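Peer 1: Quick one: structure below, then a few questions.
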Amino acid sequence: MEMDKTYQPASFEKDIYDFWQKNKYFHAVPDKDKKPFTVVIPPPNITGQLHMGHALNETIQDTIVRFKRMQGYSTLWLPGVDHASIATEVKIVEAMRKEGLTKESLGREGFLKRAWAWKEKYGNRIVEQLKYMGNSCDWDRLAFTMDDKCNKAVKRVFVHLYDKGLMYRGNRIVNWCPCCGTAISDAEVEYEEQASFLWHIRYPFKDGTGEVVVATTRPETLLGDTAVAVNPKDSRYSGMIGKTLILPIVNREIELLGDDYVETDFGTGAVKITPAHDPNDYEVGLRHNLKQIRIFNDNATVVDGYGEFSGLDRFAARKLMEQKLQEGGFLVKKEAYTHNVGACYRCHTTIETILGKNQQWFVKMQPLAKPAIEAVKNKETKFIPERFASVYYNWMNNIKDWCVSRQLWWGHRIPAWYCADCGETMVQEDAPTKCSKCGSTNLNQDEDVLDTWFSSALWPFSTLGWPDKTEDLEYFYPTNVLITAYDIIFFWVARMIFSGIEHMGEVPFKDVLIHGLVRDEQGRKMSKSLGNGIDPLEIIANYGADSLRFALAYGTAPGNDTRFSNTKVESCRNFINKIWNASRFVLMNAENVELGDILTVKKSLADKWILNRLNKVVREVTKNLEKYEIGLATNKLYDFVWSEFCDWYIELVKPILYSANEDAKKSTLTVLVYVLETILKLLHPVIPFVTEKIYQSLPTKGETIMLATWPKPIQKFAYNKEAKSFENIMELIRSIRNIRADVKLIPSKKIEIMLVTEDQKFVTKCSDYIKKLAGVEKIEFIANEQIPKNVQSAMTKVGGLYIPLGDLVDAEKEIARLNIEKEKMLKELERGEKMLNNPGFVSRAPQTLVDNEKSKLAANREKLDKILERLQMLESL
RNA sequence: GCGCAAUUAACUCAGUUGGUAGAGUGUUUCCGUCACAUGGAAAAAGUCAGGGGUUCGAGUCCCUUAUUGCGCACCA
């Protein structure tokens with residue numbers, strides 16, 4: 001295959017993906033001879049477009065999945081999309097409004113028809129975008145949270161929980177979004193700090209004996225007050241508890257009551273109680289049997305019966321209330337006050353806590369939370385990094401019942417039917433034909449749908465076929481790892497854990513790998529409103545999916561947020577270009593050459609060195625990936641490929657490749673191709689496209705790199721001793737280059753070097769390497785006494801290096817260089833001596849470490865002596 | 001208020017059971033060399049936020065302070 005001179009991902013990524021898909025490499029089947037490895041995708045919303053958060057999430061998942069597949073697991077990555085009940089409905093309604101349509105005008109059926117059409121259109125869009133990323137999902141199993149399979153599971157779970165008494169319908173206070181027109185769960189409320197006021201309002205006693213002043217942030221809810229509460233221990237109000245107050249404006253008679261909930265040191269120590277519109281007041285109301293007066297409609301306007309207030313929006317009502325109180329002389333003062341206000345996580349409208357007009361459905365959480373907490377404590381499911389377990393505990397330990405009914409149309413309709421005649425409630429999977437109690441056929445299904453997260457919670461098993469006992473479920477459940485960002489631990493992860501335990505009797509995944517968010521160059525969250533989002537599709541178009549993936553994986557730590565910038569992708573693209581060109585070099589030379597067997601072929605010193613390094617990289621990268629340390633793995637691969645394979649090994653073997661020695665060429669190319677192939681395999685999970693592309697050109701290629709066997713370190717390639725001594729030669733080469741740069745010798749100028757060394761034989765063996773890589777034409781071995789006067793020198797592990805440079809010799813530069821070396825050595829010696837003179841170190845540190853220090857110390861002493869000797873000589877000149 | 005992170009080179013970040021601090025980008029000098037200028041060679045650059053402790057040895061473990069960010073809970 002011809003390879004272009006530069007790496008051009010756009011020219012082949014699509015073809016490669018088609019090739020994989022056509023051959024069904026992503027498809028997984030239960031295989032008793034293999035171990036399963038299962039990952040379910042966090043289903044992206046059908047309304048969504050691929051953003052950087054997805055890109056990071058998909059990159060990590062695909063990396064792990066490809067790695068496991070190559071390791072020989074029967075690997076299933078199960079894809080799907082989420083119906084995203086509230087988010088989607090909001091968008092559809094918005095689109096309809098532009099056409100002058102409303103939900104009501106279309107009716108439930110008409111609306112749902114539209115919604116499904118929307119799903120067809122946009123659900124496919126996100127799936128296509130995932131494919132650009134290179135996701136190796138089993139698309140044959142593509143699921144949707146509202147498909148028949150999932151619907152069946154949802155109904156089964158609902159009925160099961162109801163029968164068990166864990167699902168109940170209650171008239172409790174809920175978070176209500178006036179904009180979306182539905183109740184939402186506690187988890188769906190986001191608190192935002194808001195600058196507001198604290199209004200101090202006078203409530204007079206009925207008997208004219210004075211007044212109580214309450215402080216409130218919501219004067220308009222005064223309309224619904226049914227009491228004022230103080231702390232019974234508060235001396236300011238002693239003797240007043242039980243007296244009757246007149247509610248200003250409304251003139252309702254309400255009681256001053258005592259309740260421990262009231263803090264004495266906040267505000268005035270007196271709290272107005274509005275049971276229908278505040279969660280705390282609601283509790284107080286229950287304790288004291290207070291009337292619950294609802295004053296807001298579903299759209300947060302004031303209900304009928306309150307005169308001028310009726311019909312006003314809550315904020316307009318607040319203004320009017322302030323005015324009325326002022327006029328009536330009830331307003332004591334208004335002070336600036338900043339507090340947290342709850343907002344809907346979807347539309348950011350300030351939520352209203354409202355006592356449900358319709359009853360809401362709740363899941364009783366305590367019994368479900370308990371075993372779910374235990375499972376994480378027992379490490380049946382492990383959070384990675386571990387610290388996220390405490391976030392999980394914190395939430396689960398303080399969990400309240402989960403409000404799951406939503407006053408929406410797009411979603412799983414609640415499987416409950418009510419008898420219009422006798423009021424009986426029937427909860428069952430299929431619609432009843434008549435009332436189970438009175439036999440009436442006048443039945444109505446509950447109008448509401450379920451929280452989106454109710455179906456997501458079942459994802460790891462509903463997608464595998466539950467409640468049916470499928471082969472998939474049997475083989476692939478529980479899944480191995482769930483990979484997601486930390487912002488949906490509550491919404492999703494926690495709910496999957498308790499659902500898995502409750503319905504499958506087993507946790508849904510063994511590991512939860514939590515990653516952070518992708519931020520912009522300045523560390524800001526990417527958001528639409530800021531307009532600072534970087535579009536991954538654009539990055540793919542400009543740099544290729546591999547560059548995007550590598551940039552997201554490279555140098556990141558699990559759980560941490562990561563910044564994304566164009567310079568980072570560019571440097572990653574450059575790295576891939578480097579691999580591309582190194583491969584081009586190897587393939588060019590390997591053309592028409594018959595390769596030998598890597599295990600038996602004769603190896604040069606450079607070969608042994610690179611194989612030794614390769615072994616290390618294989619071992620460490622495998623270990624890193626096993627522990628999900630993708631950042632570390634990519635770091636090591638980057639360094640190995642660039643700094644060792646390209647910068648050194650390829651340069652080292654050039655003299656052989658350009659020589660006429662066919663045997664040496666053959667063996668060198670065998671190693672060269674082997675190392676390259678191994679590199680490609682190690683990199684494939686992160687940068688799948690380019691590695692496949694190059695792999696297909698290798699003379700040793702198999703069908704696809706996707707199914708190639710994951711590399712293992714090879715005992716025979718240990719070569720520790722050879723590698724170590726070879727690195728001394730590399731140091732010598734660096735020293736020569738250093739001197740050359742120091743005296744500004746032009747690179748093409750060949751030089752002669754002199755060495756005082758005890759290992760002439762070894763240096764001679766390496767002389768070709770030295771000559772080629774350091775621009776040397778002649779190496780002369782001399783005795784100490786033979787060192788000429790006019791040379792530049794450096795002291796190396798191999799021995800004293802002396803370069804006669806004629807006019808270019810610059811004693812001052814050399815002295816400066818040697819002095820820097822001297823300082824370094826002195827510091828080193830001091831460190832080493834301090835350690836070895838420390839009896840604690842010698843007796844307690846590992847023996848190998850002590851020995852290492854001893855030999856280092858000896859070598860350093862020798863080197864220092866040589867430096868000092870040389871310096872003395874230079875100064876005496 | 002409670003909890004969790006982060007604080008390492010000019011910038012952005014890594015740093016594996018504690019054993020001589022690393023990379024990318026940027027900077028300086030040189031180089032159109034036949035894989036690659038999306039490149040090569042060389043170099044400069046760090047009191048690992050401050051303080052204490054444990055240890056033979058701490059960027060790493062413990063305590064504490066500061067700054068920043070995040071999560072949870074909120075006093076109406």
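Residues in the structure tokens are numbered from 1 in each chain, the chains being A, B, ... in the order shown, and ligands are numbered from 1 in the order shown.
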Region 636-759 of chain A: which residues are strand (DSSP E) by DSSP, as a list in words?
Peer 2: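 Those in region 636-759 of chain A that DSSP calls strand (DSSP E) are Ile751, Glu752, Ile753, Met754, Leu755, Val756 and Thr757 of chain A.
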Peer 1: Just the residues within 12 Å of U20 (chain B), please, counting only C-alpha atoms (C1' of nucleotides), with nothing from its chain fewer than 2 positions along; format it as a VMD selection string.
Peer 2: (chain A and resid 824 to 825 827 to 832 835 852 to 853 856) or (chain B and resid 57)
Peer 1: Go ahead and dump the residues you just picked, N, CA, C and O atoms (P, O5', C5', C4', C3', O3' and C1' of nucleotides), as a compact mmCIF listing (two decimals), in the first residue's frame.
Peer 2:
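Now in out.txt:
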# COMPACT_ATOMS: atom_id res chain seq x y z
N LYS A 824 27.26 19.34 39.76
CA LYS A 824 26.28 18.25 39.75
C LYS A 824 26.82 17.03 40.49
O LYS A 824 26.14 16.44 41.32
N MET A 825 28.08 16.70 40.18
CA MET A 825 28.70 15.53 40.79
C MET A 825 28.84 15.70 42.30
O MET A 825 28.58 14.78 43.07
N LYS A 827 27.05 17.50 44.27
CA LYS A 827 25.73 17.37 44.88
C LYS A 827 25.34 15.89 44.98
O LYS A 827 24.84 15.43 46.00
N GLU A 828 25.57 15.21 43.89
CA GLU A 828 25.26 13.79 43.82
C GLU A 828 26.03 13.01 44.89
O GLU A 828 25.49 12.16 45.57
N LEU A 829 27.32 13.33 44.99
CA LEU A 829 28.17 12.63 45.96
C LEU A 829 27.68 12.90 47.37
O LEU A 829 27.62 12.01 48.21
N GLU A 830 27.33 14.14 47.61
CA GLU A 830 26.86 14.51 48.94
C GLU A 830 25.61 13.71 49.30
O GLU A 830 25.48 13.17 50.38
N ARG A 831 24.71 13.66 48.31
CA ARG A 831 23.47 12.92 48.53
C ARG A 831 23.75 11.45 48.82
O ARG A 831 23.27 10.89 49.79
N GLY A 832 24.59 10.87 47.96
CA GLY A 832 24.92 9.46 48.11
C GLY A 832 25.62 9.16 49.42
O GLY A 832 25.29 8.20 50.12
N MET A 835 23.30 9.32 52.37
CA MET A 835 22.47 8.13 52.47
C MET A 835 23.25 6.95 53.03
O MET A 835 22.80 6.26 53.94
N ASN A 852 22.93 -0.39 44.78
CA ASN A 852 22.83 0.56 43.69
C ASN A 852 23.52 1.87 44.06
O ASN A 852 24.31 2.42 43.29
N GLU A 853 23.20 2.35 45.24
CA GLU A 853 23.78 3.61 45.71
C GLU A 853 25.29 3.49 45.83
O GLU A 853 26.03 4.41 45.49
N LYS A 856 26.87 3.51 42.44
CA LYS A 856 26.74 4.85 41.88
C LYS A 856 27.78 5.79 42.50
O LYS A 856 28.43 6.57 41.82
P G B 57 14.57 9.94 58.33
O5' G B 57 14.39 9.92 56.75
C5' G B 57 15.32 10.63 55.94
C4' G B 57 15.05 10.35 54.49
C3' G B 57 13.66 10.72 54.00
O3' G B 57 13.59 12.10 53.68
C1' G B 57 14.23 8.56 53.22
Peer 1: Could you make a table, as JSON lines, of the residues of chain A that have an atom within 6 Å of an atom of chain B, each with its nearest atom pair and distance in Å to one decimal, counting only C-alpha atoms (C1' of nucleotides), in chain and number order?
Peer 2:
{"residue": "A:Thr216", "atom": "CA", "partner": "B:A76", "partner_atom": "C1'", "distance": 5.5}
{"residue": "A:Phe266", "atom": "CA", "partner": "B:C75", "partner_atom": "C1'", "distance": 5.7}
{"residue": "A:Val271", "atom": "CA", "partner": "B:A76", "partner_atom": "C1'", "distance": 5.4}
{"residue": "A:Gly555", "atom": "CA", "partner": "B:A14", "partner_atom": "C1'", "distance": 5.3}
{"residue": "A:Asn574", "atom": "CA", "partner": "B:U38", "partner_atom": "C1'", "distance": 4.5}
{"residue": "A:Asn581", "atom": "CA", "partner": "B:A35", "partner_atom": "C1'", "distance": 4.7}
{"residue": "A:Ala582", "atom": "CA", "partner": "B:A35", "partner_atom": "C1'", "distance": 5.1}
{"residue": "A:Arg584", "atom": "CA", "partner": "B:A35", "partner_atom": "C1'", "distance": 5.8}
{"residue": "A:Phe585", "atom": "CA", "partner": "B:A35", "partner_atom": "C1'", "distance": 4.2}
{"residue": "A:Asn738", "atom": "CA", "partner": "B:A42", "partner_atom": "C1'", "distance": 5.9}
{"residue": "A:Ala741", "atom": "CA", "partner": "B:A42", "partner_atom": "C1'", "distance": 5.7}
{"residue": "A:Gly840", "atom": "CA", "partner": "B:C56", "partner_atom": "C1'", "distance": 3.9}
{"residue": "A:Phe841", "atom": "CA", "partner": "B:C56", "partner_atom": "C1'", "distance": 3.8}
Peer 1: What separation in Å, quoted to one decimal, exists between C1' of G52 (chain B) and C1' of U67 (chain B)?
Peer 2: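 Calculated distance between C1' of G52 (chain B) and C1' of U67 (chain B) is 19.4 Å.
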Peer 1: Applying 10 Å and only C-alpha atoms (C1' of nucleotides), which residues near U27 (chain B) remain after dropping the ones on its own chain fewer than 3 positions away? List them as a VMD selection string.
Peer 2: chain B and resid 10 44 to 45
Peer 1: Keeping N, CA and C atoms (P, O5', C5', C4', C3', O3' and C1' of nucleotides), export the residues of the selection given above as a PDB file, in the first residue's frame.
Peer 2:
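Listing of selection11.pdb after writing:
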ATOM      1  P     A B  10       8.501  29.173  36.112  1.00  0.00           P
ATOM      2  O5'   A B  10       7.369  29.859  35.230  1.00  0.00           O
ATOM      3  C5'   A B  10       7.159  31.278  35.280  1.00  0.00           C
ATOM      4  C4'   A B  10       6.382  31.680  34.058  1.00  0.00           C
ATOM      5  C3'   A B  10       5.158  30.805  33.762  1.00  0.00           C
ATOM      6  O3'   A B  10       4.008  31.340  34.376  1.00  0.00           O
ATOM      7  C1'   A B  10       6.538  30.914  31.833  1.00  0.00           C
ATOM      8  P     A B  44      21.110  23.210  30.744  1.00  0.00           P
ATOM      9  O5'   A B  44      20.315  24.565  31.013  1.00  0.00           O
ATOM     10  C5'   A B  44      21.006  25.818  31.050  1.00  0.00           C
ATOM     11  C4'   A B  44      19.994  26.925  31.008  1.00  0.00           C
ATOM     12  C3'   A B  44      18.903  26.838  32.069  1.00  0.00           C
ATOM     13  O3'   A B  44      19.334  27.379  33.296  1.00  0.00           O
ATOM     14  C1'   A B  44      17.921  27.239  29.960  1.00  0.00           C
ATOM     15  P     A B  45      18.978  26.617  34.637  1.00  0.00           P
ATOM     16  O5'   A B  45      17.398  26.811  34.741  1.00  0.00           O
ATOM     17  C5'   A B  45      16.852  28.127  34.860  1.00  0.00           C
ATOM     18  C4'   A B  45      15.371  28.054  34.622  1.00  0.00           C
ATOM     19  C3'   A B  45      14.611  27.122  35.567  1.00  0.00           C
ATOM     20  O3'   A B  45      14.302  27.777  36.780  1.00  0.00           O
ATOM     21  C1'   A B  45      13.904  26.789  33.321  1.00  0.00           C
TER      22        A B  45
END
Peer 1: Please indicate the distance in Å from CA of Gly53 (chain A) to CA of Leu517 (chain A), rounded to one decimal place.
Peer 2: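 Taking CA of Gly53 (chain A) and CA of Leu517 (chain A), their separation equals 6.3 Å.
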Peer 1: Quick one: residues within 10 Å of Ile787 (chain A), only C-alpha atoms (C1' of nucleotides) counted, chain neighbours fewer than 6 positions away excluded, as JSON, numbers by chain?
Peer 2: {"A": [754, 755, 756, 793, 800, 801, 802, 803, 804]}
Peer 1: Filtering to N, CA, C and O atoms, could you give me those residues as a PDB file, in the first residue's frame?
Peer 2:
ATOM      1  N   MET A 754      38.826  11.069  20.799  1.00  0.00           N
ATOM      2  CA  MET A 754      39.776  10.215  21.509  1.00  0.00           C
ATOM      3  C   MET A 754      39.137   9.778  22.817  1.00  0.00           C
ATOM      4  O   MET A 754      38.464  10.575  23.469  1.00  0.00           O
ATOM      5  N   LEU A 755      39.355   8.525  23.147  1.00  0.00           N
ATOM      6  CA  LEU A 755      38.748   7.996  24.371  1.00  0.00           C
ATOM      7  C   LEU A 755      39.798   7.368  25.269  1.00  0.00           C
ATOM      8  O   LEU A 755      40.661   6.639  24.802  1.00  0.00           O
ATOM      9  N   VAL A 756      39.697   7.689  26.543  1.00  0.00           N
ATOM     10  CA  VAL A 756      40.474   6.946  27.533  1.00  0.00           C
ATOM     11  C   VAL A 756      39.471   6.019  28.204  1.00  0.00           C
ATOM     12  O   VAL A 756      38.624   6.465  28.987  1.00  0.00           O
ATOM     13  N   SER A 793      36.822  18.408  26.275  1.00  0.00           N
ATOM     14  CA  SER A 793      36.621  17.110  26.910  1.00  0.00           C
ATOM     15  C   SER A 793      35.283  17.016  27.637  1.00  0.00           C
ATOM     16  O   SER A 793      34.637  18.012  27.920  1.00  0.00           O
ATOM     17  N   GLY A 800      36.920   8.953  29.608  1.00  0.00           N
ATOM     18  CA  GLY A 800      37.196  10.334  29.252  1.00  0.00           C
ATOM     19  C   GLY A 800      37.090  10.541  27.748  1.00  0.00           C
ATOM     20  O   GLY A 800      37.633   9.763  26.964  1.00  0.00           O
ATOM     21  N   LEU A 801      36.381  11.590  27.362  1.00  0.00           N
ATOM     22  CA  LEU A 801      36.187  11.880  25.944  1.00  0.00           C
ATOM     23  C   LEU A 801      36.963  13.157  25.605  1.00  0.00           C
ATOM     24  O   LEU A 801      36.824  14.172  26.298  1.00  0.00           O
ATOM     25  N   TYR A 802      37.791  13.059  24.556  1.00  0.00           N
ATOM     26  CA  TYR A 802      38.598  14.218  24.184  1.00  0.00           C
ATOM     27  C   TYR A 802      38.458  14.453  22.694  1.00  0.00           C
ATOM     28  O   TYR A 802      38.596  13.528  21.902  1.00  0.00           O
ATOM     29  N   ILE A 803      38.150  15.702  22.348  1.00  0.00           N
ATOM     30  CA  ILE A 803      37.944  15.996  20.933  1.00  0.00           C
ATOM     31  C   ILE A 803      38.890  17.118  20.498  1.00  0.00           C
ATOM     32  O   ILE A 803      38.763  18.256  20.978  1.00  0.00           O
ATOM     33  N   PRO A 804      39.821  16.771  19.625  1.00  0.00           N
ATOM     34  CA  PRO A 804      40.696  17.817  19.110  1.00  0.00           C
ATOM     35  C   PRO A 804      39.936  18.636  18.073  1.00  0.00           C
ATOM     36  O   PRO A 804      39.449  18.090  17.091  1.00  0.00           O
TER      37      PRO A 804
END
Peer 1: Using only C-alpha atoms (C1' of nucleotides), which residues sit within 10 Å of Gly107 (chain A) once same-chain residues fewer than 5 positions away are excluded, as number ranges by chain?
Peer 2: A: 102, 112, 409
Peer 1: Name the residues in contact with region 457-461 of chain A at a cut-off of 7 Å, using only C-alpha atoms (C1' of nucleotides), excluding same-chain residues fewer than 3 positions from it; report them as a list of chain:residue names.
Peer 2: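 The residues that qualify are A:Val40, A:Trp453, A:Phe454, A:Leu464, A:Gly465, A:Trp466, A:Leu473, A:Trp492, A:Arg495, A:Met496, A:Ser499, A:Pro508.
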Peer 1: In Å to one decimal, how far is C1' of C11 (chain B) from CA of Arg524 (chain A)?
Peer 2: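 Value for the CA of Arg524 (chain A)-C1' of C11 (chain B) distance: 15.9 Å.
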Peer 1: Please identify the alpha helix (DSSP H) residues within region 306-425 of chain A (assignment by DSSP from backbone atoms) and present them as a count of residues only.
Peer 2: 37
Peer 1: Between A:Thr425, A:Thr441, A:Gln760, A:Asn790, single out the one closest to Ile729 (chain A), counting only C-alpha atoms.
Peer 2: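 Of all the options, A:Gln760 lies closest to Ile729 (chain A).
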Peer 1: Out of A:Asn289, A:Asn135, A:Ser547, A:Thr556, which residue has the shortest atom-to-atom distance to Glu570 (chain A) when counting only C-alpha atoms?
Peer 2: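 Checking each candidate against Glu570 (chain A), we get A:Ser547 as the closest.
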Peer 1: From the set A:Thr38, A:Ser571, A:Ser185, A:Asn45, which residue has the shortest atom-to-atom contact distance to Tyr122 (chain A), counting only C-alpha atoms?
Peer 2: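 Nearest candidate to Tyr122 (chain A) out of A:Thr38, A:Ser571, A:Ser185, A:Asn45: A:Asn45.
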Peer 1: For Thr757 (chain A), which of A:Trp77, A:Phe689, A:Phe309, A:Phe781 is the closest residue, counting only C-alpha atoms?
Peer 2: A:Phe781
Peer 1: Leaving out U54 (chain B) and any residue of its chain fewer than 4 positions from it, which residues lie within 12 Å of it when counting only C-alpha atoms (C1' of nucleotides), given as a list in words?
Peer 2: G18, A58, C61, C62 and C63 of chain B
Peer 1: Between A:Thr349, A:Asn589, A:Gln366, A:Ser462, single out the one closest to Glu190 (chain A), counting only C-alpha atoms.
Peer 2: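 Smallest distance to Glu190 (chain A) is found for A:Thr349.
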Peer 1: Of the residues A:Ser235, A:Pro79, A:Lys113, A:Glu220, which is the one nearest to Leu312 (chain A), using only C-alpha atoms?
Peer 2: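 Of the candidates, the smallest distance to Leu312 (chain A) is held by A:Glu220.
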